[in-house]
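Structure file upload.pdb; described as PDB, C-alpha atoms.
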MODEL        1
ATOM      1  CA  MET J  77     -12.814 -10.011  21.206  1.00  0.00           C
ATOM      2  CA  ALA J  78     -13.675 -13.420  19.800  1.00  0.00           C
ATOM      3  CA  HIS J  79     -12.154 -14.392  16.491  1.00  0.00           C
ATOM      4  CA  ALA J  80     -13.159 -17.163  14.134  1.00  0.00           C
ATOM      5  CA  SER J  81     -10.659 -19.884  13.491  1.00  0.00           C
ATOM      6  CA  SER J  82      -8.787 -19.465  10.238  1.00  0.00           C
ATOM      7  CA  SER J  83      -9.686 -23.059   9.345  1.00  0.00           C
ATOM      8  CA  THR J  84     -13.402 -22.215   9.365  1.00  0.00           C
ATOM      9  CA  ALA J  85     -13.283 -18.565   8.320  1.00  0.00           C
ATOM     10  CA  PRO J  86     -13.259 -17.901   4.591  1.00  0.00           C
ATOM     11  CA  ARG J  87      -9.921 -16.735   3.288  1.00  0.00           C
ATOM     12  CA  ARG J  88      -9.691 -13.285   1.778  1.00  0.00           C
ATOM     13  CA  PRO J  89      -9.103 -13.511  -1.935  1.00  0.00           C
ATOM     14  CA  ALA J  90      -5.699 -12.196  -2.889  1.00  0.00           C
ATOM     15  CA  PRO J  91      -6.192  -8.899  -4.698  1.00  0.00           C
ATOM     16  CA  GLN J  92      -4.954  -8.811  -8.228  1.00  0.00           C
ATOM     17  CA  PHE J  93      -2.360  -6.107  -8.470  1.00  0.00           C
ATOM     18  CA  ARG J  94      -0.032  -5.579 -11.363  1.00  0.00           C
ATOM     19  CA  PRO J  95       3.116  -3.608 -10.527  1.00  0.00           C
ATOM     20  CA  PHE J  96       3.482  -0.366 -12.398  1.00  0.00           C
ATOM     21  CA  GLU J  97       6.092   0.241 -15.010  1.00  0.00           C
ATOM     22  CA  TRP J  98       8.234   3.328 -14.675  1.00  0.00           C
ATOM     23  CA  ILE J  99       8.063   6.078 -17.251  1.00  0.00           C
ATOM     24  CA  GLU J 100      11.533   6.849 -18.557  1.00  0.00           C
ATOM     25  CA  GLY J 101      12.212  10.589 -18.542  1.00  0.00           C
ATOM     26  CA  ASP J 102      15.078  10.504 -21.016  1.00  0.00           C
ATOM     27  CA  GLY J 103      14.256  12.397 -24.165  1.00  0.00           C
ATOM     28  CA  LEU J 104      11.252  14.194 -22.673  1.00  0.00           C
ATOM     29  CA  ASP J 105      11.021  17.968 -22.390  1.00  0.00           C
ATOM     30  CA  ALA J 106      11.191  19.473 -18.879  1.00  0.00           C
ATOM     31  CA  SER J 107       7.403  19.613 -18.385  1.00  0.00           C
ATOM     32  CA  LEU J 108       6.824  16.019 -19.445  1.00  0.00           C
ATOM     33  CA  ARG J 109       9.859  14.850 -17.439  1.00  0.00           C
ATOM     34  CA  SER J 110       8.374  16.540 -14.350  1.00  0.00           C
ATOM     35  CA  GLN J 111       5.051  14.780 -14.962  1.00  0.00           C
ATOM     36  CA  ALA J 112       6.837  11.446 -15.457  1.00  0.00           C
ATOM     37  CA  GLU J 113       8.751  11.895 -12.199  1.00  0.00           C
ATOM     38  CA  PHE J 114       5.524  12.686 -10.355  1.00  0.00           C
ATOM     39  CA  LEU J 115       3.755   9.659 -11.833  1.00  0.00           C
ATOM     40  CA  ASN J 116       6.691   7.414 -10.934  1.00  0.00           C
ATOM     41  CA  ASP J 117       6.631   8.714  -7.340  1.00  0.00           C
ATOM     42  CA  ALA J 118       2.857   8.271  -7.136  1.00  0.00           C
ATOM     43  CA  ARG J 119       3.096   4.749  -8.485  1.00  0.00           C
ATOM     44  CA  ASP J 120       5.765   3.893  -5.911  1.00  0.00           C
ATOM     45  CA  VAL J 121       3.502   5.137  -3.112  1.00  0.00           C
ATOM     46  CA  VAL J 122       0.512   3.177  -4.416  1.00  0.00           C
ATOM     47  CA  GLN J 123       2.566   0.017  -4.871  1.00  0.00           C
ATOM     48  CA  GLY J 124       4.106   0.389  -1.401  1.00  0.00           C
ATOM     49  CA  VAL J 125       0.698   0.916   0.194  1.00  0.00           C
ATOM     50  CA  GLN J 126      -0.670  -2.132  -1.626  1.00  0.00           C
ATOM     51  CA  THR J 127       2.249  -4.289  -0.463  1.00  0.00           C
ATOM     52  CA  LEU J 128       2.000  -3.048   3.120  1.00  0.00           C
ATOM     53  CA  SER J 129      -1.762  -3.621   3.137  1.00  0.00           C
ATOM     54  CA  GLN J 130      -1.246  -7.209   1.985  1.00  0.00           C
ATOM     55  CA  LEU J 131       1.367  -7.736   4.701  1.00  0.00           C
ATOM     56  CA  LEU J 132      -0.971  -6.343   7.366  1.00  0.00           C
ATOM     57  CA  ALA J 133      -3.843  -8.560   6.165  1.00  0.00           C
ATOM     58  CA  TRP J 134      -1.565 -11.607   6.195  1.00  0.00           C
ATOM     59  CA  ASP J 135      -0.359 -10.742   9.698  1.00  0.00           C
ATOM     60  CA  GLU J 136      -3.936 -10.224  10.901  1.00  0.00           C
ATOM     61  CA  ASP J 137      -4.818 -13.697   9.609  1.00  0.00           C
ATOM     62  CA  ARG J 138      -1.838 -15.093  11.570  1.00  0.00           C
ATOM     63  CA  GLN J 139      -3.074 -13.281  14.681  1.00  0.00           C
ATOM     64  CA  GLU J 140      -6.540 -14.797  14.339  1.00  0.00           C
ATOM     65  CA  ALA J 141      -5.087 -18.259  13.758  1.00  0.00           C
ATOM     66  CA  ALA J 142      -2.716 -17.951  16.720  1.00  0.00           C
ATOM     67  CA  LEU J 143      -5.649 -17.214  19.038  1.00  0.00           C
ATOM     68  CA  SER J 144      -7.340 -20.516  18.269  1.00  0.00           C
ATOM     69  CA  ASP J 145      -4.527 -22.864  17.211  1.00  0.00           C
ATOM     70  CA  ALA J 146      -0.861 -23.471  17.821  1.00  0.00           C
ATOM     71  CA  ASP J 147      -0.021 -21.521  14.658  1.00  0.00           C
ATOM     72  CA  PRO J 148       2.917 -19.122  14.663  1.00  0.00           C
ATOM     73  CA  ALA J 149       2.381 -15.781  16.317  1.00  0.00           C
ATOM     74  CA  PRO J 150       1.829 -12.688  14.183  1.00  0.00           C
ATOM     75  CA  LEU J 151       4.812 -10.537  13.307  1.00  0.00           C
ATOM     76  CA  PHE J 152       3.292  -7.309  14.622  1.00  0.00           C
ATOM     77  CA  ASP J 153       1.703  -6.416  17.919  1.00  0.00           C
ATOM     78  CA  ALA J 154      -1.282  -4.077  18.082  1.00  0.00           C
ATOM     79  CA  ALA J 155       0.859  -0.947  18.454  1.00  0.00           C
ATOM     80  CA  GLN J 156       3.045  -1.862  15.472  1.00  0.00           C
ATOM     81  CA  ARG J 157       0.024  -2.716  13.336  1.00  0.00           C
ATOM     82  CA  SER J 158      -1.588   0.601  14.258  1.00  0.00           C
ATOM     83  CA  ALA J 159       1.610   2.500  13.438  1.00  0.00           C
ATOM     84  CA  LEU J 160       1.817   0.824  10.031  1.00  0.00           C
ATOM     85  CA  GLN J 161      -1.824   1.625   9.321  1.00  0.00           C
ATOM     86  CA  ARG J 162      -1.162   5.278  10.205  1.00  0.00           C
ATOM     87  CA  LEU J 163       1.854   5.203   7.872  1.00  0.00           C
ATOM     88  CA  VAL J 164      -0.402   4.003   5.051  1.00  0.00           C
ATOM     89  CA  CYS J 165      -2.844   6.840   5.765  1.00  0.00           C
ATOM     90  CA  ALA J 166      -0.049   9.415   5.898  1.00  0.00           C
ATOM     91  CA  ALA J 167       1.487   8.200   2.638  1.00  0.00           C
ATOM     92  CA  LEU J 168      -1.865   8.362   0.876  1.00  0.00           C
ATOM     93  CA  GLY J 169      -2.591  11.769   2.419  1.00  0.00           C
ATOM     94  CA  LEU J 170       0.700  13.171   1.153  1.00  0.00           C
ATOM     95  CA  LEU J 171       0.083  11.712  -2.294  1.00  0.00           C
ATOM     96  CA  HIS J 172      -3.413  13.213  -2.301  1.00  0.00           C
ATOM     97  CA  ALA J 173      -1.983  16.633  -1.422  1.00  0.00           C
ATOM     98  CA  ARG J 174       0.534  16.393  -4.274  1.00  0.00           C
ATOM     99  CA  ILE J 175      -2.203  15.385  -6.717  1.00  0.00           C
ATOM    100  CA  GLU J 176      -4.392  18.295  -5.604  1.00  0.00           C
ATOM    101  CA  SER J 177      -1.455  20.678  -5.976  1.00  0.00           C
ATOM    102  CA  ARG J 178      -0.812  19.405  -9.510  1.00  0.00           C
ATOM    103  CA  CYS J 179      -4.482  19.756 -10.419  1.00  0.00           C
ATOM    104  CA  GLU J 180      -4.620  23.308  -9.101  1.00  0.00           C
ATOM    105  CA  ALA J 181      -1.499  24.197 -11.093  1.00  0.00           C
ATOM    106  CA  LEU J 182      -3.136  22.877 -14.252  1.00  0.00           C
ATOM    107  CA  THR J 183      -6.412  24.729 -13.742  1.00  0.00           C
ATOM    108  CA  GLY J 184      -5.150  27.892 -12.013  1.00  0.00           C
TER     109      GLY J 184
ENDMDL
END
Just give me the structure of the file as structure tokens.
Amino acid sequence: MAHASSSTAPRRPAPQFRPFEWIEGDGLDASLRSQAEFLNDARDVVQGVQTLSQLLAWDEDRQEAALSDADPAPLFDAAQRSALQRLVCAALGLLHARIESRCEALTG
């Protein structure tokens, strides 16, 4: 597969992502503390997925540059990159299932 040189290809703009702040559970009743714990877990998953996605995009840019120049090789090979992408999908899938479960509990 032919890849464009990173010197001629437009760079992807860095996404603007503000890390989440944790919700402190101290002083909350049990129901609100449970919601705060869930939101903190969900935020950790989202932040981890965002960070991993940025790392994979950066590594993909290194791969494209290494094909055309004497730039450093990417950190991940195709199998590792694929495994990390599947990890992202699994993490989001698990988070989605937990969100659906919470929604059903609220409406059921």
One decimal place gives the atom CA of J:Ile175-atom CA of J:Asp120 separation as 14.0 Å
Can you give me, as an NGL selection string, the residues this file yields under the PyMOL selection byres ((chain J and resi 125) around 12)? :J and (93 or 95 or 118-124 or 126-132 or 160-169 or 171)
*Straight-line distance linking atom CA of J:Ala181 with atom CA of J:Glu97, stated in Å to one decimal*: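 Pair atom CA of J:Ala181 / atom CA of J:Glu97 returns 25.4 Å.
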Exercise. Evaluate the PyMOL selection byres ((chain J and resi 152) around 9) here and jot the selected residues down as a list in words.
Key: Leu132, Asp135, Glu136, Gln139, Ala149, Pro150, Leu151, Asp153, Ala154, Ala155, Gln156 and Arg157 of chain J
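With atom CA of J:Arg174 on one side and atom CA of J:Gly103 on the other, the separation reads 24.5 Å.
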Hey, can I get the axis-aligned box for stretch 146-154 of chain J? All listed atoms, 8 Å padding on each side, centre and edge lengths in Å to one decimal, as AutoDock Vina command-line options.
--center_x 1.8 --center_y -13.8 --center_z 15.7 --size_x 22.1 --size_y 35.4 --size_z 20.8
Using only C-alpha atoms, what residues lie at most 12 Å away from (15.3, 12.3, -15.7) (file coordinates), given as a PDB file with C-alpha atoms, in the coordinates of the input?
ATOM      1  CA  TRP J  98       8.234   3.328 -14.675  1.00  0.00           C
ATOM      2  CA  ILE J  99       8.063   6.078 -17.251  1.00  0.00           C
ATOM      3  CA  GLU J 100      11.533   6.849 -18.557  1.00  0.00           C
ATOM      4  CA  GLY J 101      12.212  10.589 -18.542  1.00  0.00           C
ATOM      5  CA  ASP J 102      15.078  10.504 -21.016  1.00  0.00           C
ATOM      6  CA  GLY J 103      14.256  12.397 -24.165  1.00  0.00           C
ATOM      7  CA  LEU J 104      11.252  14.194 -22.673  1.00  0.00           C
ATOM      8  CA  ASP J 105      11.021  17.968 -22.390  1.00  0.00           C
ATOM      9  CA  ALA J 106      11.191  19.473 -18.879  1.00  0.00           C
ATOM     10  CA  SER J 107       7.403  19.613 -18.385  1.00  0.00           C
ATOM     11  CA  LEU J 108       6.824  16.019 -19.445  1.00  0.00           C
ATOM     12  CA  ARG J 109       9.859  14.850 -17.439  1.00  0.00           C
ATOM     13  CA  SER J 110       8.374  16.540 -14.350  1.00  0.00           C
ATOM     14  CA  GLN J 111       5.051  14.780 -14.962  1.00  0.00           C
ATOM     15  CA  ALA J 112       6.837  11.446 -15.457  1.00  0.00           C
ATOM     16  CA  GLU J 113       8.751  11.895 -12.199  1.00  0.00           C
ATOM     17  CA  PHE J 114       5.524  12.686 -10.355  1.00  0.00           C
ATOM     18  CA  ASN J 116       6.691   7.414 -10.934  1.00  0.00           C
TER      19      ASN J 116
END
